[in-house]
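**Student:** If it helps, the file is called upload.txt and holds compact mmCIF, C-alpha atoms (C1' of nucleotides):
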```
# COMPACT_ATOMS: atom_id res chain seq x y z
CA MET H 233 -67.36 2.36 -3.87
CA LYS H 234 -66.09 -0.14 -6.37
CA ASP H 235 -69.58 -1.55 -6.92
CA ILE H 236 -70.94 1.67 -8.31
CA HIS H 237 -70.45 1.95 -12.01
CA ILE H 238 -69.13 5.34 -12.92
CA PRO H 239 -69.66 6.39 -16.52
CA GLN H 240 -66.32 7.43 -17.90
CA ASN H 241 -66.87 9.59 -20.92
CA ASN H 242 -70.38 10.69 -20.42
CA LYS H 243 -70.64 14.44 -20.53
CA ALA H 244 -74.13 14.37 -19.02
CA THR H 245 -72.91 12.92 -15.73
CA THR H 246 -70.09 15.35 -15.09
CA ASN H 247 -70.65 17.50 -12.00
CA PHE H 248 -73.86 15.76 -11.15
CA GLN H 249 -75.47 14.29 -8.14
CA TYR H 250 -76.50 10.65 -8.01
CA PHE H 251 -79.73 9.42 -6.48
CA LEU H 252 -79.24 5.98 -4.97
CA LYS H 253 -81.70 3.54 -3.48
CA VAL H 254 -80.13 1.03 -1.12
CA GLN H 255 -82.20 -1.37 0.97
CA ASN H 256 -85.26 0.83 1.03
CA PHE H 257 -83.32 3.94 1.98
CA SER H 258 -82.74 6.73 -0.45
CA TYR H 259 -79.70 8.91 -0.51
CA ILE H 260 -78.63 11.86 -2.48
CA CYS H 261 -75.09 10.88 -3.01
CA ASN H 262 -72.45 13.32 -4.18
CA MET H 263 -70.20 11.34 -6.46
CA LYS H 264 -68.14 14.24 -7.62
CA TYR H 265 -64.89 13.22 -6.01
CA ASP H 266 -64.88 9.54 -6.90
CA GLU H 267 -66.06 10.16 -10.40
CA ALA H 268 -63.42 12.77 -11.00
CA LYS H 269 -60.73 10.59 -9.45
CA ASN H 270 -61.59 7.60 -11.61
CA LYS H 271 -61.74 9.72 -14.70
CA PHE H 272 -58.34 11.17 -13.97
CA ILE H 273 -56.74 7.80 -13.23
CA SER H 274 -58.11 6.12 -16.32
CA THR H 275 -57.19 9.06 -18.54
CA TRP H 276 -53.68 9.17 -17.21
CA GLY H 277 -53.49 5.42 -17.68
CA SER H 278 -54.32 5.47 -21.36
CA LEU H 279 -52.11 8.49 -21.93
CA GLY H 280 -49.22 6.56 -20.45
CA THR H 281 -49.17 4.11 -23.33
CA LEU H 282 -48.76 7.09 -25.63
CA TRP H 283 -45.51 8.19 -24.07
CA GLY H 284 -44.13 4.70 -23.63
CA ILE H 285 -45.14 3.42 -20.21
CA ASN H 286 -47.80 0.83 -19.59
CA LYS H 287 -51.27 1.36 -18.22
CA ALA H 288 -50.71 -0.02 -14.73
CA MET H 289 -47.58 2.07 -14.30
CA ALA H 290 -49.32 5.25 -15.36
CA GLN H 291 -52.33 4.51 -13.17
CA ILE H 292 -50.21 3.90 -10.11
CA HIS H 293 -48.50 7.16 -10.80
CA ALA H 294 -51.81 8.98 -11.17
CA LEU H 295 -53.07 7.52 -7.91
CA LEU H 296 -49.99 8.60 -6.00
CA LEU H 297 -50.02 12.02 -7.61
CA ILE H 298 -53.44 12.90 -6.20
CA SER H 299 -53.08 11.12 -2.91
CA PRO H 300 -52.38 13.52 -0.02
CA GLU H 301 -50.85 10.67 2.00
CA PRO H 302 -48.23 8.10 1.02
CA LEU H 303 -49.78 4.73 0.10
CA THR H 304 -48.76 1.14 0.78
CA MET H 305 -48.62 -1.59 -1.79
CA GLU H 306 -51.84 -2.98 -0.33
CA ASP H 307 -53.59 0.36 -0.81
CA ILE H 308 -52.55 0.51 -4.44
CA MET H 309 -53.48 -3.11 -5.14
CA GLU H 310 -56.90 -2.58 -3.64
CA GLN H 311 -57.68 0.76 -5.25
CA LEU H 312 -56.59 -0.24 -8.73
CA GLN H 313 -57.53 -3.92 -8.42
CA ILE H 314 -54.21 -5.22 -9.62
CA SER H 315 -52.01 -8.03 -8.35
CA ARG H 316 -49.12 -7.81 -5.94
CA GLY H 317 -46.55 -8.72 -8.55
CA ASN H 318 -47.82 -6.16 -10.98
CA THR H 319 -47.79 -3.47 -8.34
CA SER H 320 -44.30 -4.33 -7.19
CA THR H 321 -42.85 -4.37 -10.69
CA ASN H 322 -44.41 -1.12 -11.75
CA LEU H 323 -43.52 0.71 -8.56
CA ARG H 324 -39.95 -0.28 -9.15
CA GLN H 325 -40.08 1.12 -12.68
CA LEU H 326 -41.58 4.37 -11.49
CA MET H 327 -38.73 4.65 -9.01
CA ASP H 328 -36.27 3.99 -11.84
CA TRP H 329 -37.83 6.91 -13.69
CA GLY H 330 -37.21 9.00 -10.58
CA ILE H 331 -40.81 10.12 -10.16
CA VAL H 332 -41.91 7.89 -7.29
CA PHE H 333 -40.21 7.48 -3.93
CA LYS H 334 -40.20 5.03 -1.09
CA GLU H 335 -40.92 6.32 2.38
CA ASN H 336 -40.74 4.62 5.73
CA LYS H 337 -42.90 5.41 8.72
CA MET H 338 -41.32 5.00 12.10
CA GLY H 339 -42.31 1.81 13.84
CA GLU H 340 -43.93 0.41 10.68
CA ARG H 341 -42.40 -2.41 8.78
CA LYS H 342 -44.15 -1.87 5.47
CA GLU H 343 -43.14 0.62 2.84
CA TYR H 344 -45.03 3.68 1.74
CA PHE H 345 -44.88 5.33 -1.66
CA THR H 346 -45.29 8.92 -2.83
CA SER H 347 -44.98 10.59 -6.18
CA GLU H 348 -43.15 13.74 -7.09
CA LYS H 349 -45.91 16.30 -6.53
CA ASP H 350 -44.46 19.29 -8.32
CA VAL H 351 -45.62 18.84 -11.90
CA GLN H 352 -42.86 21.01 -13.32
CA GLU H 353 -40.28 18.94 -11.56
CA LEU H 354 -42.11 15.88 -12.87
CA ALA H 355 -41.86 17.19 -16.41
CA ARG H 356 -38.16 17.90 -16.01
CA GLN H 357 -37.51 14.43 -14.69
CA ILE H 358 -39.41 12.86 -17.58
CA ALA H 359 -37.60 15.02 -20.12
CA LYS H 360 -34.28 14.00 -18.62
CA GLU H 361 -35.06 10.29 -18.75
CA ARG H 362 -36.46 10.39 -22.25
CA SER H 363 -33.40 12.17 -23.48
CA ARG H 364 -31.22 9.52 -21.89
CA ARG H 365 -33.26 6.49 -22.93
CA GLU H 366 -34.48 7.41 -26.39
CA LEU H 367 -33.04 10.54 -27.87
CA LYS H 368 -29.34 9.98 -27.14
CA PRO H 369 -29.25 6.41 -28.54
CA THR H 370 -31.14 7.54 -31.65
CA ILE H 371 -28.75 10.39 -32.21
CA LYS H 372 -25.84 7.99 -32.08
CA ILE H 373 -27.33 5.72 -34.71
CA LEU H 374 -28.32 8.59 -36.97
CA LYS H 375 -24.77 9.85 -36.77
CA ASP H 376 -23.35 6.43 -37.70
CA VAL H 377 -25.76 5.97 -40.57
CA SER H 378 -25.27 9.45 -41.98
CA ASN H 379 -21.52 8.91 -41.98
CA ILE H 380 -21.43 6.11 -44.55
CA GLU H 381 -19.24 6.68 -47.54
CA GLN H 382 -20.67 8.40 -50.61
CA ASP H 383 -20.67 5.93 -53.49
CA GLY H 384 -22.11 8.21 -56.14
CA THR H 385 -25.52 6.54 -56.31
CA GLN H 386 -28.67 8.54 -55.78
CA LYS H 387 -30.04 6.22 -53.13
CA THR H 388 -26.94 6.58 -50.99
CA GLU H 389 -27.06 10.31 -51.41
CA GLU H 390 -30.68 10.39 -50.30
CA LEU H 391 -30.00 8.18 -47.27
CA ILE H 392 -27.16 10.43 -46.18
CA LYS H 393 -29.11 13.61 -46.77
CA GLN H 394 -32.18 12.50 -44.84
CA THR H 395 -30.38 10.94 -41.90
CA LYS H 396 -28.20 14.03 -41.63
CA SER H 397 -31.30 16.22 -41.40
CA LEU H 398 -32.82 13.95 -38.78
CA HIS H 399 -29.58 13.89 -36.86
CA GLU H 400 -29.42 17.65 -36.82
CA MET H 401 -33.01 17.95 -35.68
CA ALA H 402 -32.61 15.33 -32.96
CA GLU H 403 -29.52 17.08 -31.62
CA THR H 404 -31.34 20.39 -31.52
CA LEU H 405 -34.22 18.82 -29.64
CA ASP H 406 -31.86 17.20 -27.20
CA ILE H 407 -30.09 20.45 -26.54
CA MET H 408 -33.44 22.15 -26.00
CA MET H 409 -34.56 19.45 -23.61
CA ASN H 410 -31.38 19.65 -21.61
CA LYS H 411 -31.63 23.43 -21.47
CA VAL H 412 -35.05 22.95 -20.03
CA ILE H 413 -33.83 20.45 -17.46
CA GLY H 414 -31.35 22.98 -16.17
CA GLN H 415 -33.93 25.72 -15.82
CA ASP H 416 -35.68 26.77 -12.65
CA HIS H 417 -39.20 25.72 -11.78
CA ASN H 418 -41.01 28.15 -13.98
CA TRP H 419 -39.21 27.27 -17.16
CA ILE H 420 -42.29 26.36 -19.10
CA THR H 421 -43.90 29.72 -18.66
CA LYS H 422 -40.64 31.48 -19.37
CA ALA H 423 -39.94 29.43 -22.47
CA LEU H 424 -43.39 30.27 -23.71
CA VAL H 425 -42.89 33.97 -23.15
CA LYS H 426 -39.66 33.82 -25.11
CA LEU H 427 -41.25 31.95 -28.00
CA ILE H 428 -44.14 34.36 -28.25
CA LYS H 429 -41.90 37.42 -28.41
CA MET U 49 -29.86 -9.02 -50.40
CA LYS U 50 -32.27 -10.47 -47.92
CA ASP U 51 -30.14 -13.60 -47.46
CA ILE U 52 -27.20 -11.73 -46.04
CA HIS U 53 -27.42 -11.32 -42.34
CA ILE U 54 -26.54 -7.80 -41.35
CA PRO U 55 -25.46 -7.36 -37.73
CA GLN U 56 -27.57 -4.55 -36.31
CA ASN U 57 -25.84 -3.19 -33.26
CA ASN U 58 -22.35 -4.31 -33.81
CA LYS U 59 -19.96 -1.42 -33.65
CA ALA U 60 -17.17 -3.45 -35.20
CA THR U 61 -19.00 -3.87 -38.49
CA THR U 62 -19.94 -0.26 -39.04
CA ASN U 63 -18.31 1.27 -42.09
CA PHE U 64 -16.67 -1.94 -43.08
CA GLN U 65 -16.21 -4.00 -46.16
CA TYR U 66 -17.48 -7.56 -46.33
CA PHE U 67 -15.56 -10.40 -47.95
CA LEU U 68 -17.95 -12.94 -49.42
CA LYS U 69 -17.35 -16.40 -50.90
CA VAL U 70 -20.18 -17.57 -53.13
CA GLN U 71 -19.89 -20.76 -55.21
CA ASN U 72 -16.10 -20.64 -55.38
CA PHE U 73 -15.98 -17.01 -56.37
CA SER U 74 -14.79 -14.35 -53.98
CA TYR U 75 -16.02 -10.80 -53.89
CA ILE U 76 -15.15 -7.75 -51.96
CA CYS U 77 -18.60 -6.49 -51.37
CA ASN U 78 -19.27 -3.00 -50.13
CA MET U 79 -22.20 -3.38 -47.77
CA LYS U 80 -22.19 0.13 -46.54
CA TYR U 81 -25.39 1.23 -48.14
CA ASP U 82 -27.53 -1.79 -47.32
CA GLU U 83 -26.23 -2.05 -43.81
CA ALA U 84 -26.89 1.59 -43.14
CA LYS U 85 -30.30 1.41 -44.71
CA ASN U 86 -31.35 -1.60 -42.64
CA LYS U 87 -30.04 -0.04 -39.49
CA PHE U 88 -31.97 3.12 -40.16
CA ILE U 89 -35.21 1.32 -40.97
CA SER U 90 -35.07 -0.93 -37.94
CA THR U 91 -34.13 1.92 -35.62
CA TRP U 92 -36.95 4.07 -36.92
CA GLY U 93 -39.26 1.09 -36.53
CA SER U 94 -38.56 0.54 -32.87
CA LEU U 95 -38.65 4.26 -32.17
CA GLY U 96 -42.11 4.36 -33.65
CA THR U 97 -43.53 2.23 -30.88
CA LEU U 98 -42.16 4.79 -28.43
CA TRP U 99 -44.19 7.63 -29.84
CA GLY U 100 -47.32 5.62 -30.41
CA ILE U 101 -47.23 4.19 -33.92
CA ASN U 102 -46.58 0.56 -34.70
CA LYS U 103 -43.43 -0.96 -36.10
CA ALA U 104 -44.65 -1.63 -39.62
CA MET U 105 -46.00 1.88 -39.94
CA ALA U 106 -42.74 3.44 -38.82
CA GLN U 107 -40.69 1.17 -41.07
CA ILE U 108 -42.77 1.98 -44.11
CA HIS U 109 -42.28 5.61 -43.32
CA ALA U 110 -38.54 5.18 -42.94
CA LEU U 111 -38.33 3.35 -46.24
CA LEU U 112 -40.23 6.06 -48.09
CA LEU U 113 -38.23 8.79 -46.41
CA ILE U 114 -34.94 7.58 -47.83
CA SER U 115 -36.23 6.42 -51.17
CA PRO U 116 -35.41 8.85 -53.99
CA GLU U 117 -38.28 7.47 -56.06
CA PRO U 118 -41.92 6.83 -55.12
CA LEU U 119 -42.61 3.18 -54.29
CA THR U 120 -45.51 0.87 -55.02
CA MET U 121 -47.19 -1.37 -52.51
CA GLU U 122 -45.37 -4.32 -54.04
CA ASP U 123 -42.02 -2.61 -53.51
CA ILE U 124 -42.80 -1.98 -49.88
CA MET U 125 -44.11 -5.50 -49.28
CA GLU U 126 -41.02 -6.99 -50.79
CA GLN U 127 -38.47 -4.76 -49.12
CA LEU U 128 -39.95 -5.04 -45.65
CA GLN U 129 -41.27 -8.58 -46.06
CA ILE U 130 -44.76 -7.76 -44.85
CA SER U 131 -48.17 -8.76 -46.15
CA ARG U 132 -50.39 -6.86 -48.51
CA GLY U 133 -53.04 -6.19 -45.89
CA ASN U 134 -50.52 -4.89 -43.42
CA THR U 135 -48.99 -2.60 -46.03
CA SER U 136 -52.34 -1.25 -47.15
CA THR U 137 -53.56 -0.55 -43.62
CA ASN U 138 -50.41 1.18 -42.51
CA LEU U 139 -50.07 3.27 -45.65
CA ARG U 140 -53.57 4.50 -45.05
CA GLN U 141 -52.65 5.48 -41.49
CA LEU U 142 -49.54 7.30 -42.63
CA MET U 143 -51.69 9.24 -45.06
CA ASP U 144 -54.10 10.05 -42.22
CA TRP U 145 -51.15 11.49 -40.34
CA GLY U 146 -50.46 13.63 -43.38
CA ILE U 147 -46.87 12.48 -43.82
CA VAL U 148 -47.24 10.08 -46.76
CA PHE U 149 -48.85 10.83 -50.09
CA LYS U 150 -50.29 8.90 -53.00
CA GLU U 151 -48.93 9.61 -56.45
CA ASN U 152 -50.05 8.41 -59.82
CA LYS U 153 -47.85 7.90 -62.83
CA MET U 154 -49.40 8.53 -66.20
CA GLY U 155 -50.47 5.38 -67.98
CA GLU U 156 -49.91 3.25 -64.88
CA ARG U 157 -52.77 1.77 -63.00
CA LYS U 158 -51.00 1.14 -59.74
CA GLU U 159 -50.42 3.70 -57.04
CA TYR U 160 -47.10 5.09 -55.91
CA PHE U 161 -46.27 6.43 -52.48
CA THR U 162 -43.88 9.10 -51.22
CA SER U 163 -43.15 10.57 -47.84
CA GLU U 164 -42.84 14.18 -46.84
CA LYS U 165 -39.12 14.70 -47.36
CA ASP U 166 -38.57 17.93 -45.48
CA VAL U 167 -37.90 16.79 -41.92
CA GLN U 168 -38.89 20.11 -40.41
CA GLU U 169 -42.21 19.97 -42.20
CA LEU U 170 -42.49 16.38 -41.00
CA ALA U 171 -41.96 17.47 -37.40
CA ARG U 172 -44.54 20.21 -37.75
CA GLN U 173 -47.08 17.81 -39.17
CA ILE U 174 -46.47 15.34 -36.35
CA ALA U 175 -46.70 18.07 -33.72
CA LYS U 176 -49.98 19.22 -35.21
CA GLU U 177 -51.48 15.73 -35.20
CA ARG U 178 -50.32 14.92 -31.70
CA SER U 179 -51.80 18.11 -30.40
CA ARG U 180 -55.09 17.26 -32.05
CA ARG U 181 -55.19 13.59 -31.09
CA GLU U 182 -53.69 13.55 -27.61
CA LEU U 183 -53.07 16.89 -26.04
CA LYS U 184 -56.40 18.58 -26.77
CA PRO U 185 -58.57 15.69 -25.46
CA THR U 186 -56.40 15.44 -22.34
CA ILE U 187 -56.71 19.14 -21.68
CA LYS U 188 -60.46 18.87 -21.87
CA ILE U 189 -60.58 16.08 -19.30
CA LEU U 190 -58.13 17.81 -16.97
CA LYS U 191 -60.30 20.88 -17.12
CA ASP U 192 -63.45 18.91 -16.26
CA VAL U 193 -61.77 17.06 -13.42
CA SER U 194 -60.19 20.15 -11.92
CA ASN U 195 -63.55 21.88 -11.91
CA ILE U 196 -65.28 19.59 -9.42
CA GLU U 197 -66.77 21.24 -6.40
CA GLN U 198 -64.63 21.73 -3.31
CA ASP U 199 -66.10 19.65 -0.49
CA GLY U 200 -63.63 20.61 2.20
CA THR U 201 -61.80 17.27 2.29
CA GLN U 202 -58.09 17.09 1.80
CA LYS U 203 -58.28 14.46 -0.92
CA THR U 204 -60.58 16.62 -3.03
CA GLU U 205 -58.33 19.59 -2.50
CA GLU U 206 -55.32 17.59 -3.64
CA LEU U 207 -57.11 16.24 -6.70
CA ILE U 208 -58.12 19.75 -7.72
CA LYS U 209 -54.70 21.18 -7.07
CA GLN U 210 -52.82 18.56 -9.06
CA THR U 211 -55.16 18.40 -12.01
CA LYS U 212 -55.14 22.19 -12.17
CA SER U 213 -51.34 22.19 -12.38
CA LEU U 214 -51.39 19.53 -15.06
CA HIS U 215 -54.05 21.40 -16.97
CA GLU U 216 -52.00 24.55 -16.90
CA MET U 217 -48.89 22.75 -18.07
CA ALA U 218 -50.72 20.91 -20.84
CA GLU U 219 -52.20 24.16 -22.10
CA THR U 220 -48.80 25.81 -22.13
CA LEU U 221 -47.35 22.91 -24.06
CA ASP U 222 -50.19 22.99 -26.54
CA ILE U 223 -49.75 26.70 -27.11
CA MET U 224 -46.02 26.16 -27.62
CA MET U 225 -46.64 23.37 -30.09
CA ASN U 226 -49.11 25.43 -32.06
CA LYS U 227 -46.72 28.36 -32.13
CA VAL U 228 -44.19 26.03 -33.58
CA ILE U 229 -46.62 24.77 -36.22
CA GLY U 230 -47.18 28.28 -37.42
CA GLN U 231 -43.47 29.04 -37.73
CA ASP U 232 -41.40 29.01 -40.85
CA HIS U 233 -39.13 26.13 -41.80
CA ASN U 234 -36.24 26.99 -39.53
CA TRP U 235 -38.27 27.23 -36.36
CA ILE U 236 -36.24 24.65 -34.50
CA THR U 237 -33.02 26.52 -34.82
CA LYS U 238 -34.71 29.80 -34.08
CA ALA U 239 -36.48 28.43 -31.03
CA LEU U 240 -33.18 27.13 -29.79
CA VAL U 241 -31.48 30.46 -30.24
CA LYS U 242 -34.24 32.13 -28.26
CA LEU U 243 -34.03 29.62 -25.45
CA ILE U 244 -30.28 29.97 -25.14
CA LYS U 245 -30.42 33.75 -24.91
C1' DT W 192 -69.88 -4.16 -70.66
C1' DT W 193 -66.40 -7.48 -69.25
C1' DA W 194 -62.01 -8.94 -67.82
C1' DT W 195 -58.28 -7.92 -65.02
C1' DA W 196 -55.27 -5.32 -62.21
C1' DA W 197 -54.94 -3.22 -57.83
C1' DT W 198 -56.53 -2.22 -53.28
C1' DT W 199 -59.23 -2.81 -49.10
C1' DT W 200 -61.36 -5.31 -45.57
C1' DC W 201 -61.70 -8.43 -41.92
C1' DA W 202 -61.92 -13.14 -39.50
C1' DA W 203 -58.49 -16.04 -38.01
C1' DT W 204 -53.86 -16.55 -36.41
C1' DT W 205 -49.52 -15.26 -34.54
C1' DT W 206 -46.71 -12.44 -31.78
C1' DT W 207 -45.96 -9.39 -28.10
C1' DT W 208 -47.05 -7.45 -23.89
C1' DT W 209 -49.02 -7.44 -19.57
C1' DC W 210 -50.66 -9.64 -15.50
C1' DT W 211 -51.21 -13.15 -11.98
C1' DG W 212 -50.13 -15.76 -8.00
C1' DA W 213 -47.38 -18.60 -5.46
C1' DA W 214 -42.68 -19.69 -4.18
C1' DA W 215 -38.39 -17.59 -2.94
C1' DA W 216 -36.03 -13.94 -0.94
C1' DT W 217 -35.57 -10.27 2.16
C1' DT W 218 -36.40 -7.54 6.16
C1' DT W 219 -37.67 -6.70 10.81
C1' DC W 220 -38.81 -7.72 15.41
C1' DA W 221 -38.54 -10.35 19.63
C1' DT J 126 -31.55 -17.15 15.93
C1' DG J 127 -36.33 -17.98 14.44
C1' DA J 128 -40.78 -16.58 13.06
C1' DA J 129 -43.72 -13.41 10.97
C1' DA J 130 -44.40 -9.65 7.80
C1' DT J 131 -43.35 -7.78 3.53
C1' DT J 132 -41.46 -7.58 -1.03
C1' DT J 133 -39.52 -9.55 -5.20
C1' DT J 134 -39.21 -12.74 -8.84
C1' DC J 135 -40.68 -15.36 -12.56
C1' DA J 136 -43.12 -19.27 -15.10
C1' DG J 137 -47.35 -19.70 -16.98
C1' DA J 138 -51.96 -17.55 -18.18
C1' DA J 139 -54.54 -13.96 -20.12
C1' DA J 140 -55.13 -9.98 -22.78
C1' DA J 141 -53.93 -6.92 -26.33
C1' DA J 142 -51.88 -5.77 -30.57
C1' DA J 143 -50.06 -6.77 -34.94
C1' DT J 144 -50.15 -9.53 -39.01
C1' DT J 145 -51.70 -12.57 -42.52
C1' DG J 146 -54.14 -13.95 -46.58
C1' DA J 147 -58.02 -14.67 -49.13
C1' DA J 148 -62.52 -12.91 -50.40
C1' DA J 149 -64.82 -8.67 -51.50
C1' DT J 150 -64.49 -4.34 -53.49
C1' DT J 151 -63.02 -0.85 -56.51
C1' DA J 152 -60.80 1.14 -60.53
C1' DT J 153 -59.08 0.82 -65.22
C1' DA J 154 -58.57 -0.46 -69.95
C1' DA J 155 -60.17 -2.82 -73.87
```
Could you rewrite the structure in this file as structure tokens?
**Tutor:**
Amino acid sequence: MKDIHIPQNNKATTNFQYFLKVQNFSYICNMKYDEAKNKFISTWGSLGTLWGINKAMAQIHALLLISPEPLTMEDIMEQLQISRGNTSTNLRQLMDWGIVFKENKMGERKEYFTSEKDVQELARQIAKERSRRELKPTIKILKDVSNIEQDGTQKTEELIKQTKSLHEMAETLDIMMNKVIGQDHNWITKALVKLIK
Amino acid sequence: MKDIHIPQNNKATTNFQYFLKVQNFSYICNMKYDEAKNKFISTWGSLGTLWGINKAMAQIHALLLISPEPLTMEDIMEQLQISRGNTSTNLRQLMDWGIVFKENKMGERKEYFTSEKDVQELARQIAKERSRRELKPTIKILKDVSNIEQDGTQKTEELIKQTKSLHEMAETLDIMMNKVIGQDHNWITKALVKLIK
DNA sequence: TTATAATTTCAATTTTTTCTGAAAATTTCA
DNA sequence: TGAAATTTTCAGAAAAAATTGAAATTATAA
């Protein structure tokens, strides 16, 4: 499988059958699953960097998300072609985020990993962590900065005015996010309905 | 100014006066403004990397956001201690994002730059760009991947199921974001009120 | 048009981040 | 307890990203 090059962003090959010639035998080979899987993993991987986690971490997560069975570290290393250390470190981080879990199988020494499979729960968990890691500390600093003493100069006035606005907006966002965290599993749909009204 | 070391995360120095001894003269020097300004710029800078723009870009933006007057490239280079090339490149990117603008002063050859000052407008602009750059392309790929043909295997079923869920969620988010973009300037507060109800 | 002020571009360099792999640590089984 | 299986850690290597600075380009005024 890993010797077949799968075009990543080539529209023409989506939902297509591949015709392979191997040692004088010809096969019509349905690549749909592997192609789709690779596309998903690599897309999720590059998206990861956009919301602050690295590629390997996001790819491991993607792999676990679509895997019906828990995977071992070996499985992950082999499928993504990454080192043991890298795998170990990133699995730990995913567990810190609360979106990947360790599992043990009876009679087996090695550890298995699964991801949170409910995407709404996943979103809630991510919202919760981002609030804690990024939003809350920012809010604190904006509050400090916007509380400096007025000295009558225009530049101080502008600094206070702008950081106050940002502070207010950040607090609103945080409240919204925490509302969302406390909602039931269909919050996204419900929130949408409310916004449209 | 740039020779005075300003402690960045030191609670004890916030809102404090500094006592300086320079060449036998003593001053009580109110550092509030500069300290606050530096704290804001460096915080905004490191936050930037978390939502996908680099440090210099975010710092330039921060500087323009709190500057009552438009600034030239020279001003920015000097205040942030970065090179001309860096400044030019990042200003261009900020303009691509639609949150920084060029201004010309009559009789002056050089260009001046300002930032969008209304933070709600800023948020709307950012939401719009992120939808265009990240969310929309992701939605397209999730749609493609979730449309592969069922082949009866469990792994294919799982891949389809999970990518379908993600696709649905991403679409909902995108719709929400675009709703928000079309709202008036107080959308955040209004959205919050709706969610709380 | 020419001189010059201002900006952009980009190859080379520096800095930061990620990744590897082997040694150390931990866990489990007998 | 000891040996084997498994995981973690971390110094150094590799890769990626950001930054510089000087040459090329563009715009302006005389």
**Student:** Met305 (chain H): which residues within 7 Å, counting only C-alpha atoms (C1' of nucleotides), same-chain residues fewer than 3 positions away excluded, as a list in words?
**Tutor:**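 Using only C-alpha atoms (C1' of nucleotides), the neighbours found are Ile308, Met309 and Thr319 of chain H.
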**Student:** I need the chosen residues saved as a tab-separated table (two decimals), keeping the file's coordinate frame, with C-alpha atoms.
**Tutor:**
```tsv
chain	number	residue	atom	x	y	z
H	308	ILE	CA	-52.55	0.51	-4.44
H	309	MET	CA	-53.48	-3.11	-5.14
H	319	THR	CA	-47.79	-3.47	-8.34
```
**Student:** Using all atoms listed in the file, collect all residues at a distance of at most 7 Å from (-36.2, -3.4, -42.5) as written in the file, then present them as a list in words.
**Tutor:**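 Within 7 Å of (-36.2, -3.4, -42.5), the protein and nucleic acid residues are Asn86, Ile89, Ser90, Gln107 and Leu128 of chain U.
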**Student:** Export C-alpha atoms of the chosen residues as an mmCIF file, in the coordinates of the input?
**Tutor:**
```cif
data_model
loop_
_atom_site.group_PDB
_atom_site.id
_atom_site.type_symbol
_atom_site.label_atom_id
_atom_site.label_comp_id
_atom_site.auth_asym_id
_atom_site.auth_seq_id
_atom_site.Cartn_x
_atom_site.Cartn_y
_atom_site.Cartn_z
ATOM 1 C CA ASN U 86 -31.350 -1.600 -42.640
ATOM 2 C CA ILE U 89 -35.210 1.320 -40.970
ATOM 3 C CA SER U 90 -35.070 -0.930 -37.940
ATOM 4 C CA GLN U 107 -40.690 1.170 -41.070
ATOM 5 C CA LEU U 128 -39.950 -5.040 -45.650
#
```
**Student:** Could you check which of U:Ser131, U:Ser136, U:Thr211, U:Gln198 is closest to chain J, using only C-alpha atoms (C1' of nucleotides)?
**Tutor:**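 Smallest distance to chain J is found for U:Ser131.
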**Student:** Skipping near chain neighbours, those fewer than 6 positions away, what residues fall within 10 Å of DA142 (chain J) using only C-alpha atoms (C1' of nucleotides), listed as a list in words?
**Tutor:**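 Once the adjacent positions are removed, what remains is Asn102 of chain U; DT206, DT207 and DT208 of chain W.
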**Student:** For CA of Glu177 (chain U) and CA of Leu142 (chain U), quote the distance in Å rounded to one decimal.
**Tutor:**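 Separation of CA of Glu177 (chain U) and CA of Leu142 (chain U): 11.4 Å.
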**Student:** So the first atom is CA of Phe88 (chain U) and the second is CA of Gln168 (chain U); what is the distance between them in Å, to one decimal place?
**Tutor:**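 Taking CA of Phe88 (chain U) and CA of Gln168 (chain U), their separation equals 18.3 Å.
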**Student:** Env of DC201 (chain W): 12 Å cut, atoms = all atoms listed in the file, seq-sep filter 3 positions within chain, self excluded. Answer as a ChimeraX atom specification.
**Tutor:** /U:133-134,137 /J:144-149
**Student:** Mind writing the picked residues with C-alpha atoms (C1' of nucleotides) as a CSV table (one decimal), in the frame of the given file?
**Tutor:**
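And here is the file that came out, part.csv:
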```csv
chain,number,residue,atom,x,y,z
U,133,GLY,CA,-53.0,-6.2,-45.9
U,134,ASN,CA,-50.5,-4.9,-43.4
U,137,THR,CA,-53.6,-0.6,-43.6
J,144,DT,C1',-50.2,-9.5,-39.0
J,145,DT,C1',-51.7,-12.6,-42.5
J,146,DG,C1',-54.1,-14.0,-46.6
J,147,DA,C1',-58.0,-14.7,-49.1
J,148,DA,C1',-62.5,-12.9,-50.4
J,149,DA,C1',-64.8,-8.7,-51.5
```
**Student:** Check every residue of chain W for an atom within 7 Å of chain H, counting only C-alpha atoms (C1' of nucleotides), and provide those that qualify as a list in words.
**Tutor:**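 Taken together, these residues fit the definition: DC210, DT211 and DT219 of chain W.
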**Student:** Got a sec to pull out which chain U residues are within 7 Å of chain H, counting all atoms listed in the file, and send them as a list in words?
**Tutor:**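 Close to chain H, chain U has Asn63, Lys80, Tyr81, Ala84, Phe88, Leu98, Trp99, Gly100, Ile114, Ser115, Pro116, Val167, Val193, Ile196, Gln202, Lys203, Thr204, Glu206, Leu207, Gln210, Ser213, Leu214, Met224, Ala239, Leu240, Lys242 and Leu243 of chain U.
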**Student:** Using all atoms listed in the file, can you tell me which of H:Met338, H:Ile371, H:Leu323, H:Val332 comes closest to chain J?
**Tutor:** H:Leu323
**Student:** Report as JSON lines the residues of chain J within 12 Å of chain H, each with its shortest atom pair and distance in Å (one decimal), using only C-alpha atoms (C1' of nucleotides), ordered by chain and increasing residue number.
**Tutor:**
```
{"residue": "J:DA129", "atom": "C1'", "partner": "H:Arg341", "partner_atom": "CA", "distance": 11.3}
{"residue": "J:DA130", "atom": "C1'", "partner": "H:Arg341", "partner_atom": "CA", "distance": 7.6}
{"residue": "J:DT131", "atom": "C1'", "partner": "H:Lys342", "partner_atom": "CA", "distance": 6.3}
{"residue": "J:DT132", "atom": "C1'", "partner": "H:Ser320", "partner_atom": "CA", "distance": 7.5}
{"residue": "J:DT133", "atom": "C1'", "partner": "H:Ser320", "partner_atom": "CA", "distance": 7.4}
{"residue": "J:DT134", "atom": "C1'", "partner": "H:Gly317", "partner_atom": "CA", "distance": 8.4}
{"residue": "J:DC135", "atom": "C1'", "partner": "H:Gly317", "partner_atom": "CA", "distance": 9.7}
{"residue": "J:DA141", "atom": "C1'", "partner": "H:Lys287", "partner_atom": "CA", "distance": 11.9}
```
